[in-house]
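Engineer: This is the structure I have questions about; it appears just below.
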Amino acid sequence: MKSRPSLFRRATLSIGVGLLVFQVLSIAAIAAYVLMPLEEQSANDFAALLALSARTWVELPPETRPAFAAELAANHGLELGETVEPASDETQHHHMYMRYLRAALVRHADPGVVARLTEAEDRSFRVDFPMAGHPLRFSFSYDRLNSSPFRALVVILCTAALTSLAVAWLLARRISGPVRRLALAARQIGSGEHPAELPEDVEQELADLAHVFNQTSAKLATQRENRDTLLAGISHDLRSPLTRLRMALGMLAEESNSPLIARMEADIEAMDTLIGAQLQLARVRQREPAASTDVDALLRDLVGAVTATAACPVRLRTTGRPCAADVAPVALRRILANLIDNACLHGAQRPFEVVRRRSVGTIVIGVRDRGPGIPSDMREAVFRPFVRVEPSRSRATGGSGLGLAIARQIAETHGWVLAMKPRVGGGSSFWLAMPDAACPGAARAPAAGGKPGA
């Protein structure tokens, strides 16, 4: 069966992507309307400082120029001096600040003065001002570019992504946690258990859902108790008169050898059997604790009993390593006994086989006959109570119609899967799949309708 994405994963992805898109758009807006204007303003102020310093240096007396240069170096990180080297060609920079600075130098330079911005090999920058015969050069290091919007954007984006994922994870967990608890409780109800009440001290919508579920669970528990009481009454009130009738017929049989008495005795026996089967179907919802069970030994015992008492031969075939697992032994025996009886009854007295296979995480047991088979439109219906393939409704040929229903109910109560497949070459195959916790990497049993074998 194709795996579906979990609510937790989908909620995390949806909330995380939504928050991340919001953060990216917010960062883009901040970059466009806050960081970039600040970057441009910073470059404009720095260009104004360079142009003003160049004019001041030219206007100062020669003896005060060294002191002015020292003040620039101390306060602004600028080295100022005259140079005899010709200004080199400008270097193209990808740094947004340097682009803003080059444009600002053009605006703040004196008319006719062309300032050139270049980069040295030691990653320092130079600005050449040809001022009235004094070729001035300002030098400053890369660290002087204290404005780095791209670095800030990367930090903000990483922080936003981590925050979005954390918030999405918390919100998704908050949403999916109650749903998981609800699914677990519903699964326990389906298995015949009475789950603990769901907490109602949560958000209003979840609290309403938990309250309704708790009320429904309590009503179902009450209905189960009433049903058990009713079944106990039926067992006593119906079987007691049947027992008295059987005794009376036995006494009449001693006085008269009428075939009508034999017919009545057979009908009473059939009624008693039917009542017992119905009671068994109603009680199989009680889950049996698992215990360490030698599955192969249990199968040998069942096959041996059939071989000794039944007219139809049966063969046991096992594959894989010896099979001992933690399962409910009584429930497993009841399911397999019903399947074997069904194969004997409907297998046209032909040999059938019981197969045990073991794969990673699953134990699969099959009962395969060579009978007439089951029509495709009834392969699931035969697991419903009182449904029989044989149309005459005769109990001698069709049984009570409860054996497979009981087997399916026991399997579902214990978390197993019981399915039917047509057998290649004619006949039917009934397969019981049980999760095997003893195998590393235990997996779920295959879904009904899967293909454990032909």
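Lettering and numbering for the structure tokens are positional, with chains as A, B, ... in the shown order, residues counted from 1 in each chain, and ligands counted from 1 in the shown order.
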May I have all residues of region 291-410 of chain A that DSSP, computed from the backbone, assigns to helix (DSSP H, G or I), given as a ChimeraX atom specification?
Structural biologist: /A:295-309,329-346,376-378,381-383,395-398,403-410
Engineer: Take the residues from that selection and write them out as a short mmCIF file (atom, residue, chain, number, x, y, z; two decimals), in the first residue's frame, keeping N, CA and C atoms.
Structural biologist:
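The resulting file, result.cif, is shown below:
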```
data_model
loop_
_atom_site.label_atom_id
_atom_site.label_comp_id
_atom_site.auth_asym_id
_atom_site.auth_seq_id
_atom_site.Cartn_x
_atom_site.Cartn_y
_atom_site.Cartn_z
N VAL A 295 5.38 -21.85 16.89
CA VAL A 295 4.34 -21.89 15.86
C VAL A 295 4.39 -23.20 15.08
N ASP A 296 5.58 -23.68 14.78
CA ASP A 296 5.70 -24.93 14.02
C ASP A 296 5.12 -26.11 14.80
N ALA A 297 5.38 -26.15 16.10
CA ALA A 297 4.83 -27.24 16.92
C ALA A 297 3.31 -27.16 16.96
N LEU A 298 2.78 -25.94 17.05
CA LEU A 298 1.33 -25.78 17.05
C LEU A 298 0.73 -26.26 15.73
N LEU A 299 1.40 -25.95 14.62
CA LEU A 299 0.90 -26.40 13.32
C LEU A 299 0.98 -27.92 13.20
N ARG A 300 2.06 -28.51 13.68
CA ARG A 300 2.17 -29.98 13.62
C ARG A 300 1.07 -30.64 14.43
N ASP A 301 0.73 -30.05 15.57
CA ASP A 301 -0.33 -30.61 16.40
C ASP A 301 -1.68 -30.54 15.69
N LEU A 302 -2.00 -29.39 15.07
CA LEU A 302 -3.25 -29.26 14.36
C LEU A 302 -3.33 -30.20 13.15
N VAL A 303 -2.24 -30.26 12.39
CA VAL A 303 -2.23 -31.13 11.21
C VAL A 303 -2.32 -32.59 11.62
N GLY A 304 -1.66 -32.95 12.71
CA GLY A 304 -1.72 -34.32 13.19
C GLY A 304 -3.12 -34.70 13.62
N ALA A 305 -3.84 -33.77 14.28
CA ALA A 305 -5.21 -34.06 14.70
C ALA A 305 -6.12 -34.24 13.49
N VAL A 306 -5.94 -33.42 12.46
CA VAL A 306 -6.76 -33.55 11.25
C VAL A 306 -6.46 -34.85 10.54
N THR A 307 -5.18 -35.20 10.46
CA THR A 307 -4.79 -36.44 9.77
C THR A 307 -5.39 -37.66 10.47
N ALA A 308 -5.51 -37.60 11.79
CA ALA A 308 -6.02 -38.75 12.53
C ALA A 308 -7.53 -38.86 12.48
N THR A 309 -8.25 -37.75 12.28
CA THR A 309 -9.70 -37.79 12.38
C THR A 309 -10.43 -37.50 11.09
N PRO A 329 -1.31 -17.64 21.62
CA PRO A 329 -1.39 -19.03 21.14
C PRO A 329 -2.82 -19.55 20.98
N VAL A 330 -3.70 -19.24 21.93
CA VAL A 330 -5.07 -19.75 21.84
C VAL A 330 -5.79 -19.12 20.65
N ALA A 331 -5.60 -17.82 20.47
CA ALA A 331 -6.23 -17.15 19.33
C ALA A 331 -5.71 -17.71 18.01
N LEU A 332 -4.40 -17.94 17.94
CA LEU A 332 -3.83 -18.50 16.72
C LEU A 332 -4.37 -19.90 16.44
N ARG A 333 -4.48 -20.70 17.48
CA ARG A 333 -5.01 -22.06 17.30
C ARG A 333 -6.47 -22.02 16.82
N ARG A 334 -7.27 -21.10 17.37
CA ARG A 334 -8.67 -21.02 16.97
C ARG A 334 -8.81 -20.59 15.51
N ILE A 335 -7.99 -19.64 15.08
CA ILE A 335 -8.05 -19.20 13.68
C ILE A 335 -7.68 -20.34 12.75
N LEU A 336 -6.55 -20.98 13.03
CA LEU A 336 -6.08 -22.04 12.13
C LEU A 336 -7.02 -23.24 12.16
N ALA A 337 -7.59 -23.55 13.31
CA ALA A 337 -8.55 -24.66 13.37
C ALA A 337 -9.77 -24.36 12.51
N ASN A 338 -10.25 -23.12 12.54
CA ASN A 338 -11.39 -22.76 11.70
C ASN A 338 -11.04 -22.84 10.22
N LEU A 339 -9.83 -22.38 9.85
CA LEU A 339 -9.42 -22.44 8.45
C LEU A 339 -9.25 -23.89 7.98
N ILE A 340 -8.68 -24.72 8.84
CA ILE A 340 -8.50 -26.13 8.46
C ILE A 340 -9.83 -26.84 8.35
N ASP A 341 -10.74 -26.57 9.30
CA ASP A 341 -12.09 -27.17 9.21
C ASP A 341 -12.78 -26.70 7.93
N ASN A 342 -12.59 -25.43 7.58
CA ASN A 342 -13.20 -24.91 6.36
C ASN A 342 -12.64 -25.62 5.12
N ALA A 343 -11.32 -25.89 5.13
CA ALA A 343 -10.71 -26.59 3.99
C ALA A 343 -11.21 -28.03 3.91
N CYS A 344 -11.37 -28.67 5.06
CA CYS A 344 -11.90 -30.05 5.05
C CYS A 344 -13.34 -30.08 4.55
N LEU A 345 -14.14 -29.07 4.94
CA LEU A 345 -15.55 -29.06 4.61
C LEU A 345 -15.79 -28.71 3.15
N HIS A 346 -15.01 -27.77 2.63
CA HIS A 346 -15.26 -27.25 1.29
C HIS A 346 -14.18 -27.65 0.28
N SER A 376 -15.34 -14.36 -7.28
CA SER A 376 -14.62 -13.11 -6.98
C SER A 376 -15.49 -12.11 -6.22
N ASP A 377 -16.80 -12.12 -6.46
CA ASP A 377 -17.67 -11.17 -5.77
C ASP A 377 -17.98 -11.56 -4.34
N MET A 378 -17.49 -12.73 -3.89
CA MET A 378 -17.77 -13.18 -2.53
C MET A 378 -16.50 -13.40 -1.72
N ALA A 381 -16.91 -11.16 1.16
CA ALA A 381 -18.18 -11.37 1.86
C ALA A 381 -18.16 -12.61 2.74
N VAL A 382 -17.34 -13.61 2.41
CA VAL A 382 -17.33 -14.85 3.20
C VAL A 382 -16.83 -14.62 4.62
N PHE A 383 -16.20 -13.47 4.86
CA PHE A 383 -15.73 -13.18 6.22
C PHE A 383 -16.80 -12.49 7.05
N ARG A 395 -26.84 -26.87 6.61
CA ARG A 395 -25.71 -26.89 7.53
C ARG A 395 -24.81 -28.08 7.30
N ALA A 396 -25.35 -29.09 6.65
CA ALA A 396 -24.52 -30.27 6.38
C ALA A 396 -23.47 -29.98 5.33
N THR A 397 -23.80 -29.07 4.39
CA THR A 397 -22.84 -28.77 3.31
C THR A 397 -22.26 -27.38 3.42
N GLY A 398 -22.94 -26.47 4.08
CA GLY A 398 -22.46 -25.10 4.13
C GLY A 398 -22.01 -24.62 5.48
N GLY A 403 -17.66 -19.53 10.84
CA GLY A 403 -16.27 -19.92 11.07
C GLY A 403 -15.28 -18.88 10.57
N LEU A 404 -15.42 -18.42 9.33
CA LEU A 404 -14.49 -17.43 8.79
C LEU A 404 -14.70 -16.06 9.45
N ALA A 405 -15.96 -15.75 9.80
CA ALA A 405 -16.20 -14.48 10.49
C ALA A 405 -15.50 -14.45 11.84
N ILE A 406 -15.55 -15.57 12.55
CA ILE A 406 -14.86 -15.66 13.84
C ILE A 406 -13.35 -15.54 13.64
N ALA A 407 -12.83 -16.23 12.63
CA ALA A 407 -11.39 -16.17 12.38
C ALA A 407 -10.95 -14.76 12.04
N ARG A 408 -11.71 -14.04 11.19
CA ARG A 408 -11.35 -12.67 10.83
C ARG A 408 -11.42 -11.75 12.04
N GLN A 409 -12.44 -11.92 12.87
CA GLN A 409 -12.58 -11.06 14.04
C GLN A 409 -11.44 -11.28 15.03
N ILE A 410 -11.06 -12.54 15.24
CA ILE A 410 -9.93 -12.81 16.14
C ILE A 410 -8.67 -12.17 15.58
#
```
Engineer: Neighbouring residues of Glu353 (chain A) were defined as those with any atom within 6 Å, considering only C-alpha atoms; residues of the same chain fewer than 6 positions away were excluded. Please report them as number ranges by chain.
Structural biologist: A: 314-316, 367-368
Engineer: Take the residues from that selection and put them in a file with N, CA and C atoms, as a short mmCIF file (atom, residue, chain, number, x, y, z; two decimals), in the first residue's frame.
Structural biologist:
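Output file selection14.cif follows:
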```cif
data_model
loop_
_atom_site.label_atom_id
_atom_site.label_comp_id
_atom_site.auth_asym_id
_atom_site.auth_seq_id
_atom_site.Cartn_x
_atom_site.Cartn_y
_atom_site.Cartn_z
N VAL A 314 -3.87 -33.94 4.62
CA VAL A 314 -3.30 -32.60 4.73
C VAL A 314 -1.80 -32.73 4.87
N ARG A 315 -1.08 -31.76 4.32
CA ARG A 315 0.37 -31.77 4.38
C ARG A 315 0.86 -30.44 4.94
N LEU A 316 1.86 -30.48 5.81
CA LEU A 316 2.45 -29.28 6.39
C LEU A 316 3.76 -29.00 5.68
N VAL A 367 -3.52 -21.73 4.45
CA VAL A 367 -4.26 -22.98 4.32
C VAL A 367 -4.78 -23.01 2.88
N ARG A 368 -4.30 -23.95 2.08
CA ARG A 368 -4.54 -23.95 0.63
C ARG A 368 -5.24 -25.25 0.23
#
```
Engineer: If you run DSSP on the backbone here, which positions in region 118-205 of chain A get strand (DSSP E or B)? Please write them as a PyMOL selection string.
Structural biologist: chain A and resi 118-119+125-131+134-140
Engineer: Can you spit out the residues from that selection as a PDB file, in the first residue's frame, using C-alpha atoms?
Structural biologist:
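Generated file (out-v4.pdb):
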```
ATOM      1  CA  THR A 118      41.420  51.036  -7.309  1.00  0.00           C
ATOM      2  CA  GLU A 119      42.286  47.916  -5.319  1.00  0.00           C
ATOM      3  CA  PHE A 125      41.868  50.343  -1.546  1.00  0.00           C
ATOM      4  CA  ARG A 126      43.143  53.609  -3.032  1.00  0.00           C
ATOM      5  CA  VAL A 127      41.382  56.775  -4.074  1.00  0.00           C
ATOM      6  CA  ASP A 128      43.463  59.136  -6.258  1.00  0.00           C
ATOM      7  CA  PHE A 129      42.560  62.818  -6.344  1.00  0.00           C
ATOM      8  CA  PRO A 130      44.497  64.966  -8.855  1.00  0.00           C
ATOM      9  CA  MET A 131      44.107  68.238  -6.858  1.00  0.00           C
ATOM     10  CA  HIS A 134      49.010  67.725  -6.043  1.00  0.00           C
ATOM     11  CA  PRO A 135      48.179  64.094  -6.888  1.00  0.00           C
ATOM     12  CA  LEU A 136      46.755  62.937  -3.566  1.00  0.00           C
ATOM     13  CA  ARG A 137      46.195  59.321  -2.655  1.00  0.00           C
ATOM     14  CA  PHE A 138      43.948  58.054   0.112  1.00  0.00           C
ATOM     15  CA  SER A 139      44.590  54.480   1.197  1.00  0.00           C
ATOM     16  CA  PHE A 140      42.350  52.439   3.468  1.00  0.00           C
TER      17      PHE A 140
END
```
Engineer: Which distance in Å separates CA of Pro241 (chain A) and CA of Arg224 (chain A), to one decimal?
Structural biologist: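 These two atoms are separated by 25.9 Å.
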Engineer: Do you know which residues are at most 8 Å from region 429-433 of chain A counting only C-alpha atoms, after dropping those on the same chain fewer than 3 positions away, and could you put them as a short mmCIF file (atom, residue, chain, number, x, y, z; two decimals) with N, CA and C atoms, in the first residue's frame?
Structural biologist:
```cif
data_model
loop_
_atom_site.label_atom_id
_atom_site.label_comp_id
_atom_site.auth_asym_id
_atom_site.auth_seq_id
_atom_site.Cartn_x
_atom_site.Cartn_y
_atom_site.Cartn_z
N LEU A 339 -9.83 -22.38 9.85
CA LEU A 339 -9.42 -22.44 8.45
C LEU A 339 -9.25 -23.89 7.98
N THR A 362 7.59 -10.56 9.40
CA THR A 362 6.25 -11.10 9.22
C THR A 362 6.27 -12.62 9.21
N ILE A 363 5.30 -13.21 9.91
CA ILE A 363 5.03 -14.65 9.83
C ILE A 363 3.75 -14.81 9.02
N VAL A 364 3.81 -15.64 7.99
CA VAL A 364 2.65 -15.86 7.12
C VAL A 364 2.31 -17.35 7.14
N ILE A 365 1.05 -17.65 7.45
CA ILE A 365 0.56 -19.02 7.48
C ILE A 365 -0.61 -19.13 6.50
N GLY A 366 -0.54 -20.11 5.61
CA GLY A 366 -1.59 -20.29 4.61
C GLY A 366 -2.22 -21.66 4.69
N VAL A 367 -3.52 -21.73 4.45
CA VAL A 367 -4.26 -22.98 4.32
C VAL A 367 -4.78 -23.01 2.88
N ARG A 368 -4.30 -23.95 2.08
CA ARG A 368 -4.54 -23.95 0.63
C ARG A 368 -5.24 -25.25 0.23
N ASP A 369 -6.45 -25.11 -0.32
CA ASP A 369 -7.22 -26.30 -0.71
C ASP A 369 -7.38 -26.34 -2.23
N ALA A 411 -8.44 -12.28 14.27
CA ALA A 411 -7.24 -11.71 13.66
C ALA A 411 -7.21 -10.20 13.83
N TRP A 416 -3.69 -8.76 13.47
CA TRP A 416 -3.24 -9.61 12.37
C TRP A 416 -4.10 -9.36 11.14
N VAL A 417 -3.69 -9.94 10.03
CA VAL A 417 -4.43 -9.77 8.77
C VAL A 417 -4.78 -11.15 8.22
N LEU A 418 -6.06 -11.35 7.96
CA LEU A 418 -6.54 -12.60 7.36
C LEU A 418 -7.17 -12.26 6.03
N ALA A 419 -6.67 -12.85 4.96
CA ALA A 419 -7.17 -12.55 3.62
C ALA A 419 -7.30 -13.84 2.82
N MET A 420 -8.07 -13.75 1.74
CA MET A 420 -8.30 -14.90 0.88
C MET A 420 -7.88 -14.57 -0.53
N LYS A 421 -7.27 -15.56 -1.23
CA LYS A 421 -6.88 -15.42 -2.63
C LYS A 421 -7.25 -16.69 -3.37
N PRO A 422 -7.64 -16.55 -4.65
CA PRO A 422 -7.84 -17.77 -5.44
C PRO A 422 -6.51 -18.46 -5.68
N ARG A 423 -6.52 -19.78 -5.67
CA ARG A 423 -5.29 -20.53 -5.83
C ARG A 423 -5.06 -20.87 -7.30
N ALA A 445 2.19 -6.27 8.99
CA ALA A 445 1.67 -7.35 8.15
C ALA A 445 1.11 -6.77 6.87
N PRO A 446 1.18 -7.52 5.77
CA PRO A 446 0.65 -7.00 4.52
C PRO A 446 -0.84 -6.77 4.59
N PRO A 452 0.73 -12.70 -0.45
CA PRO A 452 1.71 -13.48 0.26
C PRO A 452 2.07 -14.75 -0.46
N ALA A 454 0.48 -17.75 -3.79
CA ALA A 454 -0.62 -18.15 -4.66
C ALA A 454 -1.15 -19.49 -4.21
#
```
Engineer: Mind giving me the straight-line distance from CA of Cys312 (chain A) to CA of Phe352 (chain A) in Å, one decimal?
Structural biologist: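 Straight-line distance from CA of Cys312 (chain A) to CA of Phe352 (chain A) works out to 7.7 Å.
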Engineer: Find, counting only C-alpha atoms, the residue in A:Leu242, A:Val354, A:Met251, A:Val114 that gets nearest to Met271 (chain A).
Structural biologist: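 For Met271 (chain A), the nearest of the candidates is A:Leu242.
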Engineer: For region 62-72 of chain A, please output as a list in words all residues within 12 Å (counting only C-alpha atoms; exclusion window: fewer than 2 positions along the same chain).
Structural biologist: Leu49, Leu50, Leu52, Ser53, Ala54, Arg55, Thr56, Trp57, Val58, Glu59, Leu60, Ala74, Asn75, His76, Gly77, Leu78, Glu79, Leu80, Gly81, Glu82, His134, Leu136, Arg137, Phe138, Ser139 and Phe140 of chain A
Engineer: Residues of the last selection are to be written out with N, CA and C atoms, as a compact mmCIF listing (two decimals), in the first residue's frame.
Structural biologist:
```txt
# COMPACT_ATOMS: atom_id res chain seq x y z
N LEU A 49 33.74 62.84 2.98
CA LEU A 49 34.92 62.97 3.84
C LEU A 49 36.21 62.99 3.02
N LEU A 50 36.29 62.11 2.01
CA LEU A 50 37.50 62.07 1.18
C LEU A 50 37.67 63.38 0.39
N LEU A 52 36.38 66.36 1.07
CA LEU A 52 36.69 67.46 1.98
C LEU A 52 38.12 67.38 2.49
N SER A 53 38.59 66.18 2.79
CA SER A 53 39.96 66.01 3.27
C SER A 53 40.95 66.42 2.19
N ALA A 54 40.66 66.08 0.93
CA ALA A 54 41.57 66.47 -0.17
C ALA A 54 41.64 67.98 -0.30
N ARG A 55 40.48 68.66 -0.23
CA ARG A 55 40.49 70.12 -0.33
C ARG A 55 41.22 70.74 0.85
N THR A 56 40.96 70.21 2.04
CA THR A 56 41.60 70.77 3.24
C THR A 56 43.11 70.60 3.17
N TRP A 57 43.56 69.42 2.72
CA TRP A 57 44.99 69.17 2.66
C TRP A 57 45.67 70.15 1.71
N VAL A 58 45.02 70.45 0.60
CA VAL A 58 45.61 71.38 -0.38
C VAL A 58 45.66 72.78 0.20
N GLU A 59 44.66 73.17 0.96
CA GLU A 59 44.59 74.53 1.50
C GLU A 59 45.47 74.74 2.73
N LEU A 60 45.88 73.69 3.40
CA LEU A 60 46.69 73.84 4.62
C LEU A 60 48.12 74.22 4.28
N ALA A 74 44.37 58.40 12.48
CA ALA A 74 43.96 58.00 13.82
C ALA A 74 42.45 57.95 13.96
N ASN A 75 41.74 58.91 13.36
CA ASN A 75 40.31 59.01 13.57
C ASN A 75 39.48 58.30 12.51
N HIS A 76 40.03 58.17 11.31
CA HIS A 76 39.21 57.64 10.22
C HIS A 76 39.84 56.46 9.50
N GLY A 77 41.04 56.05 9.91
CA GLY A 77 41.67 54.91 9.26
C GLY A 77 42.10 55.20 7.84
N LEU A 78 42.41 56.46 7.52
CA LEU A 78 42.82 56.86 6.17
C LEU A 78 44.28 57.27 6.16
N GLU A 79 45.01 56.78 5.19
CA GLU A 79 46.39 57.22 4.97
C GLU A 79 46.39 58.19 3.79
N LEU A 80 46.91 59.41 4.02
CA LEU A 80 46.88 60.45 3.01
C LEU A 80 48.29 60.89 2.69
N GLY A 81 48.55 61.00 1.42
CA GLY A 81 49.87 61.48 1.01
C GLY A 81 49.87 61.75 -0.48
N GLU A 82 50.94 62.45 -0.89
CA GLU A 82 51.11 62.72 -2.31
C GLU A 82 51.77 61.51 -2.97
N HIS A 134 48.65 68.59 -7.18
CA HIS A 134 49.01 67.73 -6.04
C HIS A 134 48.26 66.41 -6.19
N LEU A 136 46.95 63.51 -4.91
CA LEU A 136 46.76 62.94 -3.57
C LEU A 136 46.24 61.51 -3.68
N ARG A 137 46.65 60.71 -2.71
CA ARG A 137 46.19 59.32 -2.66
C ARG A 137 45.73 58.99 -1.24
N PHE A 138 44.50 58.57 -1.15
CA PHE A 138 43.95 58.05 0.11
C PHE A 138 43.99 56.53 0.06
N SER A 139 44.53 55.95 1.11
CA SER A 139 44.59 54.48 1.20
C SER A 139 43.83 54.04 2.45
N PHE A 140 43.07 53.00 2.31
CA PHE A 140 42.35 52.44 3.47
C PHE A 140 42.20 50.94 3.26
```
Engineer: What is the distance, in Å and to one decimal place, between CA of Ile268 (chain A) and CA of Glu225 (chain A)?
Structural biologist: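 Taking CA of Ile268 (chain A) as the start and CA of Glu225 (chain A) as the end point, the length is 28.8 Å.
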Engineer: Between A:Gln23, A:Thr413, A:Ser359, A:Asn44, which one has atoms that come closest to Leu165 (chain A), using only C-alpha atoms?
Structural biologist: A:Gln23
Engineer: Using only C-alpha atoms, which protein or nucleic acid residues come within 12 Å of Arg173 (chain A)? Drop anything in the same chain fewer than 2 positions from it, and give the result as a PyMOL selection string.
Structural biologist: chain A and resi 6-13+15+165-171+175-181
Engineer: Which residue is closest to Val24 (chain A)? Choose from A:Pro351, A:Ala291, A:Glu265, A:Ser164 and count only C-alpha atoms.
Structural biologist: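 Between A:Pro351, A:Ala291, A:Glu265, A:Ser164, the residue approaching Val24 (chain A) most closely is A:Ser164.
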